[in-house]
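Enquirer: This is the structure I want to talk about, given as C-alpha cells.
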Amino acid sequence: MGNIIRQATAGTLESSDVFVSLEPCASGLEIEIDSVVQKQFGEAILSVVKEVLSEHGIDKGKLTVTDRGALDCVIRARVETAVLRGKGE
Amino acid sequence: MEKKLVSSLREAIELSGLKSGMSVSFHHHLRNGDYTLNAVMAEIANLGIKDLTLNASSLFDTHAALEDHIRNHVVRKINTNYMSQGLGRRISEGLMDEPVDFRTHGGRPRDISLGITPIDVAFIAAPTADCAGNCSGKYGPSACGSLGYAFPDAMYAKKVIVITDNLVSYPMQGWSIPEIYVDYVVKVDAIGNPQGIVSGTTRITRDPVGLIMAETAVNVIRHSGLLKDGFSFQTGAGGASLAAASFLKDVMLKENIRGSFASGGITGYLVDMLNAGCFESLMDVQCFDLKAVESIRTNPRHQEISAMQYASPAAASAVVDKLDVVILGATEIDTDFNVNVHTDSNGCIMGGSGGHSDTAAGAKLSMIIAPLFRARLPIVTDHVSCVSTPGRDIDVLVTQRGVAVNPKNEELMLRLKDAGLPVVDIRQLKETAERITGVPAGIKRGERTVANVIYRDGTLIDTIKSI
C-alpha cells in the first residue's frame, strides 16, 4: 500500500505494447486512455487498469495510458511496473 | 505529323483538349515517390478544369494534395485499385460526394478495354522516353522497372501524354510502350523521388511468429501436390510472404524442382530464385526493389507484362490463370474464408484489392498467410467488414497456431492431414485468438456509402460505409 510519490513511466509505444505514465495527484484518481483499439477494447483496458491500481491500493494519482494494442497481461505488467516505480519501491 | 515534344505540362494538357467533366488516368509504378500526379493535377486546377474523373491504378499518401482538388471540385470521382491509409481515412470520413469505385488490377484494364471506364487523357510517368514517346521504366535516374499498369491507359485513352525526366535521342532502345499510342511528350526535371519509388532492399521478417507462418506455408505448398517441375508461383512483398519465398527456394533447390514462372510485383527474392534456377521466367507487372529493376533491365528471362496480360478477365488469356500457388495477405478473414484487404478493423479504408482477387481466382491454391491477431485484433471474424475477395476463391489460411482449409477443397484437407500438418477448423482459430485477446466490441458503421468494391468481372461485391 502507498501513494504515488514521484513521476514514473513503463512500457513503450511499439505495436502491441502500451506506454504508461503516472504522476502524483492530490485530488484523486485520474485515468486517461488513448488506444488504437479504443472502440473494440476501450472498456476492457480501463477495467484492467483500475484492477491493478486497486490491487496496489492506489486511490490518488494521474495515469496516462497510451495503448498500441497490448494484451491484458502486458497492460497489467506495465501498469504494475509504473506503480511500483511511482511508489519508489 | 505535328511535333509531339512540347515545352510544358500546361501546354500538353491544353493541346490534349482536356475539358471539365472528362476523365484522366495515372499509373502507380513510382509509388510513394511519384511527383507526376500532383504536378499534373496542380496544372489542371490552374487551368480551371473541374469535375474530372480520376482513374489511377493506385493512390499513395504522397498524393495527399488530392484532398484539396476534391474539395475544390477539380476531382469529382475516383476509380482506383488501391488507396493507402492517409487518403483512405479522408475518403472514409466522407470527403467525396460520389463513392470511390475500387477495382482490381485485372478489373481496371478489363473495364478500360471494354469502354466501361473510358479515359480521355492518360498521363504516363516514364523514367526514359524519346521525342516520339517510345518509353520504358527500365532506364534513367527514376527507373522503376516494369510499366505494366500503364499499358491499358496508353492503348485505350483518347490522348496520351508521356512525362519523362530522361529524354533520349530517337529511337530509344528497349522501349516498353511504343510511340504509336503517344500524342505528346513533356520533359520535366524529375518525375519522382527514387527513394520513394523502390525500396533499396525488401527484407524478410525476423519476427519468430512470421517465420513459423512462413515455414508452415512452405509445408502446405510441399504437400499440396503442386510443387513439381513446371510449378508457378506468386507472392506479395510482406515480411512473412518473403520469408516463405526464401524457404521455398531452399526446398526447390534441395529437391531439384524446376518451376515455370513467378509473377506479379517482383522483389529481389524472386530474382534470386530465377537466378538459382527455381523458375524459367519472371512475369513482371511491377518492380518492388532495386534488384528487381536491375534484373528486368539486364535479364531477358525477366519479362515485363501489361496489366491485361497479368490479370484482365477480358484478355484472351492471362498469367493469373496459369498460377499454381499464390500467397496473399489479409486484414480480416471470416469463417466463410471471405477476405478483407480494403479496410482496417475500424472500417477505415487503408488498401485495396490490387491483384488479390485476380490471383485468388486464377491460382489452383490460394493461400492467406496472417497472424492470429495483430495489435490485439483477431484476424478471423464472423463477417469481414468488407469483402474484397470471395471465400470461394480462398483455399487455405495459414497462421502461427494452425492451418485452416476451406471445406470446399477436400483433397487439400486430406493431403495436409496425411502430411501431419496442424489442420484446424477456422472457427477454432477464431476462438483461440479471442481467448488471448478478448472478444472485440463490434464497430458501428456509418450510413453513407463512401466506396464501391467492384469484383474483377464488373459485379459489385461490397460497399464501404463512412466511419
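Every chain in the C-alpha cells takes a letter, A first, then B, and so on in the order presented; its residues are numbered from 1, and the ligands are numbered from 1 following the presented order.
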If DSSP is run on the backbone, what residues of range 15-80 of chain A are alpha helix (DSSP H)? A reply as a list in words would be ideal.
Expert: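 Everything in range 15-80 of chain A that counts as alpha helix (DSSP H) is Gln38, Lys39, Gln40, Phe41, Gly42, Glu43, Ala44, Ile45, Leu46, Ser47, Val48, Val49, Lys50, Glu51, Val52, Leu53, Ser54, Glu55, Asp72, Cys73, Val74, Ile75, Arg76, Ala77, Arg78, Val79 and Glu80 of chain A.
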Enquirer: Can you list every residue of chain A that has an atom at most 7 Å from chain B, with its nearest atom pair and the distance in Å to one decimal, using only C-alpha atoms, ordered by chain then number, as a Markdown table?
Expert:
| residue | atom | partner | partner_atom | distance |
| --- | --- | --- | --- | --- |
| A:Ser15 | CA | B:Ala375 | CA | 6.2 |
| A:Ser16 | CA | B:Ala375 | CA | 4.6 |
| A:Lys39 | CA | B:Ile443 | CA | 6.8 |
| A:Gln40 | CA | B:Ala441 | CA | 4.4 |
| A:Phe41 | CA | B:Pro440 | CA | 6.0 |
| A:Arg68 | CA | B:Ala375 | CA | 6.5 |
| A:Gly69 | CA | B:Ala375 | CA | 4.1 |
| A:Ala70 | CA | B:Arg376 | CA | 6.1 |
| A:Leu71 | CA | B:Thr437 | CA | 5.9 |
Enquirer: Could you name the residues that touch Lys408 in chain B at 10 Å or less, counting only C-alpha atoms, but leaving out those on the same chain fewer than 3 positions away, as a PyMOL selection string?
Expert: chain B and resi 391-395+405+411-413
Enquirer: Give me, as a list in words, all polymer residues having an atom no more than 6 Å from range 271-284 of chain B, counting only C-alpha atoms and skipping those fewer than 6 positions away in the same chain.
Expert: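 After dropping sequence-adjacent residues, the list is Arg258, Gly259, Ser260, Phe261, Ala262, Ser263, Gly264, Arg301, His302, Gln303, Glu304 and Ile305 of chain B.
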Enquirer: For Leu66 in chain B, work out the shell of residues within 12 Å, counting only C-alpha atoms and skipping chain neighbours fewer than 6 positions away, then give it as a list of chain:residue names.
Expert: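 Result of the neighbour search: B:Leu37, B:Asn38, B:Ala39, B:Val40, B:Met41, B:Ala42, B:Ile44, B:Ala45, B:Leu52, B:Leu54, B:Ala56, B:Leu59, B:Phe60, B:Asn72, B:His73, B:Val74, B:Val75, B:Arg76, B:Lys77, B:Ile78, B:Met83, B:Gly86, B:Leu87, B:Gly88, B:Arg90, B:Ile91, B:Leu95, B:Met96.
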Enquirer: Excluding Ala244 in chain B and residues on its chain fewer than 6 positions from it, collect all residues at most 12 Å away from it, counting only C-alpha atoms, and give them as a count of residues only.
Expert: 33
Enquirer: Extract, using only C-alpha atoms, all DNA, RNA and protein residues at most 7 Å from range 330-337 of chain B, discarding same-chain residues fewer than 4 positions from it, and format them as a VMD selection string.
Expert: chain B and resid 341 344 368 370 379 to 384 391 394 406 426 to 427
Enquirer: May I have the residues from that selection written out with N, CA and C atoms, as a short mmCIF file (atom, residue, chain, number, x, y, z; two decimals), in the first residue's frame?
Expert:
data_model
loop_
_atom_site.label_atom_id
_atom_site.label_comp_id
_atom_site.auth_asym_id
_atom_site.auth_seq_id
_atom_site.Cartn_x
_atom_site.Cartn_y
_atom_site.Cartn_z
N VAL B 341 -9.13 -6.79 -47.64
CA VAL B 341 -7.86 -6.07 -47.71
C VAL B 341 -8.11 -4.58 -47.99
N ASP B 344 -9.39 -1.26 -42.45
CA ASP B 344 -8.82 -1.75 -41.20
C ASP B 344 -9.95 -2.16 -40.26
N ILE B 368 -3.88 -17.69 -47.76
CA ILE B 368 -3.78 -16.46 -46.97
C ILE B 368 -2.82 -16.75 -45.82
N ALA B 370 -1.48 -15.05 -42.36
CA ALA B 370 -1.78 -13.95 -41.43
C ALA B 370 -1.63 -14.45 -40.00
N ILE B 379 -7.71 -11.77 -36.38
CA ILE B 379 -7.79 -11.70 -37.84
C ILE B 379 -9.05 -12.43 -38.33
N VAL B 380 -9.40 -13.53 -37.65
CA VAL B 380 -10.58 -14.29 -38.08
C VAL B 380 -11.83 -13.71 -37.40
N THR B 381 -12.82 -13.36 -38.21
CA THR B 381 -14.05 -12.78 -37.70
C THR B 381 -15.24 -13.59 -38.20
N ASP B 382 -16.43 -13.28 -37.68
CA ASP B 382 -17.63 -13.94 -38.19
C ASP B 382 -17.97 -13.42 -39.58
N HIS B 383 -17.86 -12.10 -39.74
CA HIS B 383 -18.11 -11.49 -41.05
C HIS B 383 -17.10 -10.38 -41.26
N VAL B 384 -16.34 -10.43 -42.35
CA VAL B 384 -15.38 -9.35 -42.63
C VAL B 384 -16.15 -8.05 -42.83
N GLY B 391 -14.79 -15.86 -50.46
CA GLY B 391 -14.26 -17.06 -49.83
C GLY B 391 -14.15 -18.25 -50.76
N ILE B 394 -10.63 -18.81 -51.94
CA ILE B 394 -9.55 -18.99 -50.97
C ILE B 394 -9.52 -20.45 -50.52
N ASN B 406 -10.28 -24.46 -46.47
CA ASN B 406 -11.66 -24.24 -46.90
C ASN B 406 -12.30 -25.60 -47.16
N ILE B 426 -11.51 -23.35 -39.03
CA ILE B 426 -11.26 -21.90 -38.99
C ILE B 426 -11.95 -21.26 -37.77
N ARG B 427 -13.09 -21.84 -37.35
CA ARG B 427 -13.78 -21.29 -36.18
C ARG B 427 -12.96 -21.51 -34.90
#
Enquirer: So which one's closest to Val48 in chain A, A:Ala77, A:Phe19, A:Glu89, A:Ser27? Using only C-alpha atoms, please.
Expert: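 The answer is A:Ala77, which sits nearest to Val48 in chain A.
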Enquirer: Taking into account only C-alpha atoms, which residue in the set B:Asp189, B:Gly133, B:Leu114, B:Gly107 is nearest to Val168 in chain B?
Expert: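 Answer, going by the shortest atom-to-atom distance: B:Gly133.
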